[in-house]
Each structure stands twice: as C-alpha cells, then as structure tokens.
$ cat protein-v7.txt   # compact mmCIF, C-alpha atoms and all ligand atoms
# COMPACT_ATOMS: atom_id res chain seq x y z
CA LYS A 1 26.60 115.38 -50.08
CA GLU A 2 25.92 118.02 -52.69
CA GLN A 3 25.73 117.11 -56.37
CA THR A 4 26.01 119.30 -59.47
CA TYR A 5 25.24 118.75 -63.14
CA ILE A 6 28.23 119.52 -65.37
CA MET A 7 28.02 119.22 -69.16
CA VAL A 8 30.73 119.59 -71.80
CA LYS A 9 28.97 121.42 -74.63
CA PRO A 10 29.31 120.42 -78.33
CA ASP A 11 32.23 122.84 -78.87
CA GLY A 12 34.11 121.37 -75.90
CA VAL A 13 33.62 117.85 -77.28
CA GLN A 14 34.70 118.84 -80.82
CA ARG A 15 37.75 120.68 -79.50
CA GLY A 16 38.94 117.68 -77.50
CA LEU A 17 38.49 119.26 -74.07
CA VAL A 18 36.48 116.43 -72.46
CA GLY A 19 39.48 114.81 -70.78
CA ASP A 20 40.82 118.10 -69.46
CA ILE A 21 37.47 119.10 -67.97
CA ILE A 22 36.97 115.69 -66.32
CA ALA A 23 40.55 115.83 -64.97
CA ARG A 24 39.92 119.20 -63.33
CA PHE A 25 36.91 117.88 -61.42
CA GLU A 26 38.71 114.66 -60.48
CA LYS A 27 41.81 116.45 -59.26
CA ARG A 28 39.79 118.98 -57.28
CA GLY A 29 38.47 116.05 -55.24
CA PHE A 30 34.96 115.55 -56.59
CA LYS A 31 33.43 112.10 -57.00
CA LEU A 32 32.01 111.15 -60.41
CA VAL A 33 28.54 109.64 -59.95
CA ALA A 34 27.19 109.69 -63.55
CA LEU A 35 28.64 110.14 -67.04
CA LYS A 36 27.42 109.72 -70.63
CA LEU A 37 27.89 111.03 -74.18
CA VAL A 38 24.55 112.14 -75.65
CA GLN A 39 23.18 113.76 -78.78
CA ALA A 40 20.43 115.81 -77.16
CA THR A 41 17.17 116.64 -78.96
CA THR A 42 15.98 120.24 -79.24
CA GLU A 43 12.96 119.36 -77.05
CA HIS A 44 15.27 118.10 -74.30
CA LEU A 45 17.52 121.16 -74.55
CA GLU A 46 14.52 123.50 -74.43
CA LYS A 47 13.60 121.87 -71.11
CA HIS A 48 17.17 122.21 -69.83
CA TYR A 49 17.29 125.92 -70.69
CA ALA A 50 13.57 126.61 -70.02
CA ASP A 51 14.43 129.62 -67.82
CA LEU A 52 15.99 131.38 -70.84
CA LYS A 53 13.02 130.93 -73.18
CA GLY A 54 12.21 134.37 -74.62
CA LYS A 55 15.81 135.64 -74.59
CA PRO A 56 16.95 136.84 -78.03
CA PHE A 57 19.82 134.33 -78.05
CA PHE A 58 17.57 131.33 -77.11
CA PRO A 59 17.10 129.87 -80.64
CA GLY A 60 20.84 130.16 -81.34
CA LEU A 61 21.64 128.58 -77.97
CA ILE A 62 19.42 125.55 -78.68
CA LYS A 63 20.89 125.16 -82.18
CA TYR A 64 24.43 125.32 -80.76
CA MET A 65 23.65 122.80 -78.01
CA ALA A 66 22.05 120.40 -80.53
CA SER A 67 24.91 120.75 -83.06
CA GLY A 68 26.77 117.70 -81.71
CA PRO A 69 27.04 115.37 -78.74
CA VAL A 70 27.49 116.65 -75.19
CA VAL A 71 29.09 114.93 -72.22
CA ALA A 72 26.63 114.83 -69.32
CA MET A 73 28.09 114.32 -65.84
CA VAL A 74 27.15 114.49 -62.20
CA TRP A 75 29.88 115.35 -59.69
CA GLU A 76 29.48 115.06 -55.93
CA GLY A 77 31.33 116.68 -53.06
CA LEU A 78 31.58 119.62 -50.70
CA ASP A 79 29.76 122.69 -52.08
CA ALA A 80 29.75 121.03 -55.52
CA VAL A 81 27.40 123.58 -57.12
CA LYS A 82 29.24 126.73 -56.06
CA THR A 83 32.71 125.29 -56.59
CA GLY A 84 31.67 123.95 -60.00
CA ARG A 85 30.60 127.45 -61.05
CA VAL A 86 33.89 128.91 -59.83
CA MET A 87 35.80 126.29 -61.83
CA LEU A 88 33.79 127.17 -64.96
CA GLY A 89 34.35 130.91 -64.70
CA ALA A 90 32.02 133.73 -65.73
CA THR A 91 29.37 133.07 -68.43
CA ASN A 92 31.06 135.50 -70.82
CA PRO A 93 34.65 134.35 -71.42
CA LEU A 94 35.62 138.05 -71.68
CA ALA A 95 35.11 138.15 -67.91
CA SER A 96 36.28 134.62 -67.02
CA ALA A 97 39.48 134.56 -65.00
CA PRO A 98 42.50 132.65 -66.32
CA GLY A 99 42.67 129.32 -64.52
CA THR A 100 38.96 128.71 -65.03
CA ILE A 101 37.68 126.38 -67.78
CA ARG A 102 36.14 129.22 -69.81
CA GLY A 103 38.97 131.62 -68.97
CA ASP A 104 41.51 129.14 -70.28
CA TYR A 105 39.73 127.86 -73.40
CA ALA A 106 36.86 130.12 -74.52
CA LEU A 107 36.49 133.51 -76.22
CA ALA A 108 32.78 133.92 -76.92
CA VAL A 109 29.67 133.68 -74.74
CA GLY A 110 27.90 131.65 -77.43
CA ARG A 111 30.74 129.07 -77.48
CA ASN A 112 31.62 128.75 -73.82
CA ILE A 113 32.46 125.04 -73.72
CA CYS A 114 30.89 123.85 -70.49
CA HIS A 115 27.70 124.09 -68.40
CA GLY A 116 27.37 123.97 -64.63
CA SER A 117 24.22 124.14 -62.44
CA ASP A 118 23.71 127.60 -60.88
CA ALA A 119 21.95 126.51 -57.64
CA VAL A 120 21.27 123.35 -55.64
CA GLU A 121 17.62 123.43 -56.77
CA SER A 122 18.51 123.68 -60.47
CA ALA A 123 21.14 120.96 -60.03
CA GLN A 124 18.44 118.59 -58.74
CA LYS A 125 16.15 119.45 -61.67
CA GLU A 126 18.95 119.05 -64.24
CA ILE A 127 20.15 115.73 -62.77
CA ALA A 128 16.59 114.36 -62.97
CA LEU A 129 16.25 115.63 -66.56
CA TRP A 130 19.55 114.19 -67.85
CA PHE A 131 19.75 111.05 -65.71
CA PRO A 132 16.18 109.72 -65.25
CA GLU A 133 17.82 106.26 -64.95
CA GLY A 134 19.52 107.38 -61.74
CA LEU A 135 23.13 107.77 -60.63
CA VAL A 136 25.82 105.19 -59.83
CA GLN A 137 26.30 104.24 -56.18
CA TYR A 138 29.79 103.34 -55.01
CA THR A 139 32.33 104.18 -52.33
CA ASN A 140 35.25 106.47 -53.09
CA THR A 141 37.85 105.42 -50.53
CA LEU A 142 39.84 108.66 -50.94
CA GLU A 143 36.95 110.91 -49.92
CA GLY A 144 38.12 111.16 -46.29
CA TRP A 145 41.33 112.76 -47.56
CA VAL A 146 39.44 115.47 -49.45
CA PHE A 147 37.04 116.78 -46.77
CA GLU A 148 36.18 116.05 -43.11
P1 LIG A 201 25.25 127.59 -68.45
O1 LIG A 201 26.19 126.93 -67.50
O2 LIG A 201 25.40 127.11 -69.87
O3 LIG A 201 23.83 127.53 -67.95
O4 LIG A 201 25.71 129.11 -68.48
P2 LIG A 201 25.50 130.21 -67.35
O5 LIG A 201 24.68 129.67 -66.23
O6 LIG A 201 26.84 130.74 -67.04
O7 LIG A 201 24.66 131.32 -68.14
P3 LIG A 201 23.08 131.33 -68.45
O8 LIG A 201 22.41 130.16 -67.81
O9 LIG A 201 22.61 132.70 -68.15
O10 LIG A 201 23.07 131.15 -70.02
C1 LIG A 201 23.13 129.86 -70.61
C2 LIG A 201 24.00 129.90 -71.85
O11 LIG A 201 23.38 130.73 -72.82
C3 LIG A 201 25.39 130.52 -71.63
O12 LIG A 201 26.33 129.62 -71.13
C4 LIG A 201 25.72 130.95 -73.05
O13 LIG A 201 26.20 129.85 -73.82
C5 LIG A 201 24.38 131.39 -73.58
N1 LIG A 201 24.22 132.84 -73.42
C6 LIG A 201 23.93 133.53 -72.29
N2 LIG A 201 23.88 134.84 -72.51
C7 LIG A 201 24.13 134.99 -73.83
C8 LIG A 201 24.21 136.12 -74.70
O14 LIG A 201 24.04 137.27 -74.30
N3 LIG A 201 24.48 135.86 -76.02
C9 LIG A 201 24.68 134.60 -76.49
N4 LIG A 201 24.95 134.41 -77.79
N5 LIG A 201 24.63 133.52 -75.71
C10 LIG A 201 24.36 133.72 -74.41
MG MG A 202 22.90 128.66 -66.50

$ encode --input "protein-v7.txt" --output "structure tokens"
Amino acid sequence: KEQTYIMVKPDGVQRGLVGDIIARFEKRGFKLVALKLVQATTEHLEKHYADLKGKPFFPGLIKYMASGPVVAMVWEGLDAVKTGRVMLGATNPLASAPGTIRGDYALAVGRNICHGSDAVESAQKEIALWFPEGLVQYTNTLEGWVFE
C-alpha cells in the first residue's frame, strides 16, 4: 500500500487546523501509520526541502518552517501520494480550489498550512527523514470497506 508524508506547518498548528486536517484524511479513508508534534531544527528542514536550496524564497521558507512546531504524519492507502496532493490543493492558495485544505484556509504561498509529498520516491525519502524510528503496524478493520 502506498504511503505519503503529510505535515501541518507551523501556521496550521498555530491556527488550530490540526484536527480539521487529520479529520479530512481519516474521513477520506486513509490509515494513520505515524504521528508526532515536533519542533524541527533548521538543519532538518534544510534536508526536507533540499530540492529547493538556491531558490530566492528558501531562507524565508526555512525560517517559517522552524518558527513553531509541526505535526508530522504518515497516511497509507490507495494512491496516497496523488490523492494527498489533490486534498492539499495547488501550492499557491490563489490557485487552490475551494474544498481543498489550502483553498479553504490559506491566502499566501509562504503561509500555505500543510505539506504533502509530491511523488512516491520523495514520500519514501521524507518518511525516512521524519520517522527514522519507523511506523506503527496495526490492522485497520475498516480498510476493506474503503478499497478492494
Ligand atoms: P510542499 O508541500 O510544502 O512541499 O509544497 P509544494 O510541493 O506544493 O511546493 P514546493 O515543494 O515547490 O515548495 C515548498 C514550499 O515552499 C511551498 O509549499 C511554499 O510554502 C514555499 N514556496 C514555494 N514557492 C514559493 C514562492 O514563490 N514564494 C514563497 N514565499 N514561498 C514559496
Ligand atoms: Mg513540495
């Protein structure tokens, strides 16, 4: 089963959107396999966003992401990476459709509330980076009602 790394950013935590974001993934039918509240270091965040090093907004992005705790999660299910991205909405909230997390709660690209892995390969890298201790193994008895 596919897994994706979803993270409520510091603005999402401060604005009290953690429960709403978790509820959306739960209700969609995904299985929660890891969850923690973390104050990330700049070194850790620079690894997470390594692909964006060199972009003019990179220093501001790292400062924003280190400005408070984040909620790190791994969700598992059918096409978790792609569906997670659809649920988040476009990177720039100006273009995020209503009904998406960013389209419902965000206005600015530099304060866009939530992260989601953009490919299966990056999901695997991000899960290893944020959860070196591993994920939680258990059976979700409802899974057979969500997909074949
Ligand atoms: P993440 O899920 O956070 O990885 O966002 P994304 O995959 O939709 O976009 P991307 O990985 O390209 O950029 C990572 C983050 O950098 C975005 O979510 C924004 O918070 C920030 N960012 C991207 N582009 C810009 C920009 O042009 N200006 C500013 N200020 N921030 C940006
Ligand atoms: Mg990204």

$ closest_residue --input "protein-v7.txt" --among "A:Val136, A:Ile101, A:Met7, A:Ala119" --to "A:Leu45" --atoms "all atoms listed in the file"
A:Met7

$ residues_near_ligand --input "protein-v7.txt" --ligand "ligand LIG 201 (chain A)" --cutoff "7 Å" --atoms "all atoms listed in the file" --output "PyMOL selection string"
chain A and resi 57+60-61+90-91+109-112+114-118

$ closest_residue --input "protein-v7.txt" --among "A:Pro93, A:Gln124, A:Lys47, A:Trp75" --to "A:Lys27" --atoms "only C-alpha atoms"
A:Trp75

$ residues_around --input "protein-v7.txt" --residues "stretch 30-37 of chain A" --least-positions-apart "3" --cutoff "9 Å" --atoms "all atoms listed in the file" --output "list in words"
Gln3, Ile22, Phe25, Glu26, Lys27, Pro69, Val70, Val71, Ala72, Met73, Val74, Trp75, Glu76, Gly77, Leu78, Ala80, Phe131, Gly134, Leu135, Val136, Gln137, Tyr138, Asn140, Glu143 and Val146 of chain A

$ atom_distance --input "protein-v7.txt" --atom1 "atom CA of A:Leu52" --atom2 "atom CA of A:Gly84"
20.5 Å

$ closest_residue --input "protein-v7.txt" --among "A:Gly29, A:Gly12, A:Pro132, A:Pro98" --to "A:Asp79" --atoms "all atoms listed in the file"
A:Gly29

$ atom_distance --input "protein-v7.txt" --atom1 "atom CA of A:Asp11" --atom2 "atom CA of A:Pro59"
16.8 Å

$ atom_distance --input "protein-v7.txt" --atom1 "atom CA of A:Pro10" --atom2 "atom CA of A:Gly68"
5.0 Å

$ closest_residue --input "protein-v7.txt" --among "A:Leu142, A:Val38, A:Tyr5, A:Arg15" --to "ligand MG 202 (chain A)" --atoms "only C-alpha atoms and all ligand atoms"
A:Tyr5

$ decode --input "protein-v7.txt" --residues "stretch 69-95 of chain A" --atoms "N, CA and C atoms" --output "mmCIF file, in the first residue's frame"
data_model
loop_
_atom_site.group_PDB
_atom_site.id
_atom_site.type_symbol
_atom_site.label_atom_id
_atom_site.label_comp_id
_atom_site.auth_asym_id
_atom_site.auth_seq_id
_atom_site.Cartn_x
_atom_site.Cartn_y
_atom_site.Cartn_z
ATOM 1 N N PRO A 69 6.180 24.464 16.209
ATOM 2 C CA PRO A 69 6.096 23.017 15.961
ATOM 3 C C PRO A 69 5.272 22.676 14.726
ATOM 4 N N VAL A 70 5.570 21.533 14.153
ATOM 5 C CA VAL A 70 4.817 20.986 13.021
ATOM 6 C C VAL A 70 4.233 19.636 13.451
ATOM 7 N N VAL A 71 3.175 19.221 12.778
ATOM 8 C CA VAL A 71 2.626 17.884 13.025
ATOM 9 C C VAL A 71 3.008 16.993 11.847
ATOM 10 N N ALA A 72 3.856 16.011 12.143
ATOM 11 C CA ALA A 72 4.368 15.090 11.117
ATOM 12 C C ALA A 72 3.502 13.833 11.113
ATOM 13 N N MET A 73 3.068 13.420 9.924
ATOM 14 C CA MET A 73 2.169 12.260 9.833
ATOM 15 C C MET A 73 2.513 11.425 8.610
ATOM 16 N N VAL A 74 2.207 10.140 8.705
ATOM 17 C CA VAL A 74 2.245 9.284 7.528
ATOM 18 C C VAL A 74 0.866 8.659 7.366
ATOM 19 N N TRP A 75 0.303 8.802 6.167
ATOM 20 C CA TRP A 75 -1.008 8.233 5.852
ATOM 21 C C TRP A 75 -0.838 7.198 4.750
ATOM 22 N N GLU A 76 -1.593 6.122 4.863
ATOM 23 C CA GLU A 76 -1.462 4.989 3.947
ATOM 24 C C GLU A 76 -2.794 4.680 3.284
ATOM 25 N N GLY A 77 -2.735 4.332 2.009
ATOM 26 C CA GLY A 77 -3.959 3.939 1.309
ATOM 27 C C GLY A 77 -3.765 3.980 -0.191
ATOM 28 N N LEU A 78 -4.853 3.822 -0.897
ATOM 29 C CA LEU A 78 -4.825 3.779 -2.359
ATOM 30 C C LEU A 78 -4.363 5.134 -2.916
ATOM 31 N N ASP A 79 -3.320 5.108 -3.767
ATOM 32 C CA ASP A 79 -2.820 6.343 -4.387
ATOM 33 C C ASP A 79 -2.649 7.488 -3.381
ATOM 34 N N ALA A 80 -2.070 7.162 -2.224
ATOM 35 C CA ALA A 80 -1.987 8.141 -1.126
ATOM 36 C C ALA A 80 -1.257 9.419 -1.529
ATOM 37 N N VAL A 81 -0.193 9.294 -2.333
ATOM 38 C CA VAL A 81 0.597 10.481 -2.683
ATOM 39 C C VAL A 81 -0.225 11.436 -3.550
ATOM 40 N N LYS A 82 -0.774 10.912 -4.637
ATOM 41 C CA LYS A 82 -1.528 11.755 -5.567
ATOM 42 C C LYS A 82 -2.786 12.333 -4.907
ATOM 43 N N THR A 83 -3.505 11.488 -4.202
ATOM 44 C CA THR A 83 -4.739 11.946 -3.557
ATOM 45 C C THR A 83 -4.431 12.974 -2.472
ATOM 46 N N GLY A 84 -3.322 12.764 -1.746
ATOM 47 C CA GLY A 84 -2.917 13.734 -0.732
ATOM 48 C C GLY A 84 -2.670 15.104 -1.342
ATOM 49 N N ARG A 85 -2.005 15.120 -2.493
ATOM 50 C CA ARG A 85 -1.736 16.397 -3.183
ATOM 51 C C ARG A 85 -3.035 17.070 -3.628
ATOM 52 N N VAL A 86 -3.971 16.264 -4.123
ATOM 53 C CA VAL A 86 -5.257 16.828 -4.547
ATOM 54 C C VAL A 86 -5.983 17.433 -3.340
ATOM 55 N N MET A 87 -5.923 16.735 -2.206
ATOM 56 C CA MET A 87 -6.587 17.241 -1.000
ATOM 57 C C MET A 87 -5.955 18.533 -0.503
ATOM 58 N N LEU A 88 -4.631 18.681 -0.699
ATOM 59 C CA LEU A 88 -3.940 19.912 -0.292
ATOM 60 C C LEU A 88 -4.312 21.086 -1.178
ATOM 61 N N GLY A 89 -4.428 20.854 -2.471
ATOM 62 C CA GLY A 89 -4.653 21.949 -3.411
ATOM 63 C C GLY A 89 -3.345 22.499 -3.930
ATOM 64 N N ALA A 90 -3.419 23.429 -4.875
ATOM 65 C CA ALA A 90 -2.229 23.999 -5.507
ATOM 66 C C ALA A 90 -1.334 24.684 -4.474
ATOM 67 N N THR A 91 -0.006 24.714 -4.774
ATOM 68 C CA THR A 91 0.983 25.324 -3.874
ATOM 69 C C THR A 91 0.605 26.753 -3.505
ATOM 70 N N ASN A 92 0.225 27.543 -4.523
ATOM 71 C CA ASN A 92 -0.187 28.923 -4.279
ATOM 72 C C ASN A 92 -1.690 28.962 -4.012
ATOM 73 N N PRO A 93 -2.086 29.351 -2.793
ATOM 74 C CA PRO A 93 -3.513 29.351 -2.456
ATOM 75 C C PRO A 93 -4.380 30.175 -3.413
ATOM 76 N N LEU A 94 -3.758 31.103 -4.167
ATOM 77 C CA LEU A 94 -4.501 31.855 -5.190
ATOM 78 C C LEU A 94 -5.114 30.911 -6.210
ATOM 79 N N ALA A 95 -4.432 29.774 -6.425
ATOM 80 C CA ALA A 95 -4.866 28.811 -7.437
ATOM 81 C C ALA A 95 -5.492 27.554 -6.828
#
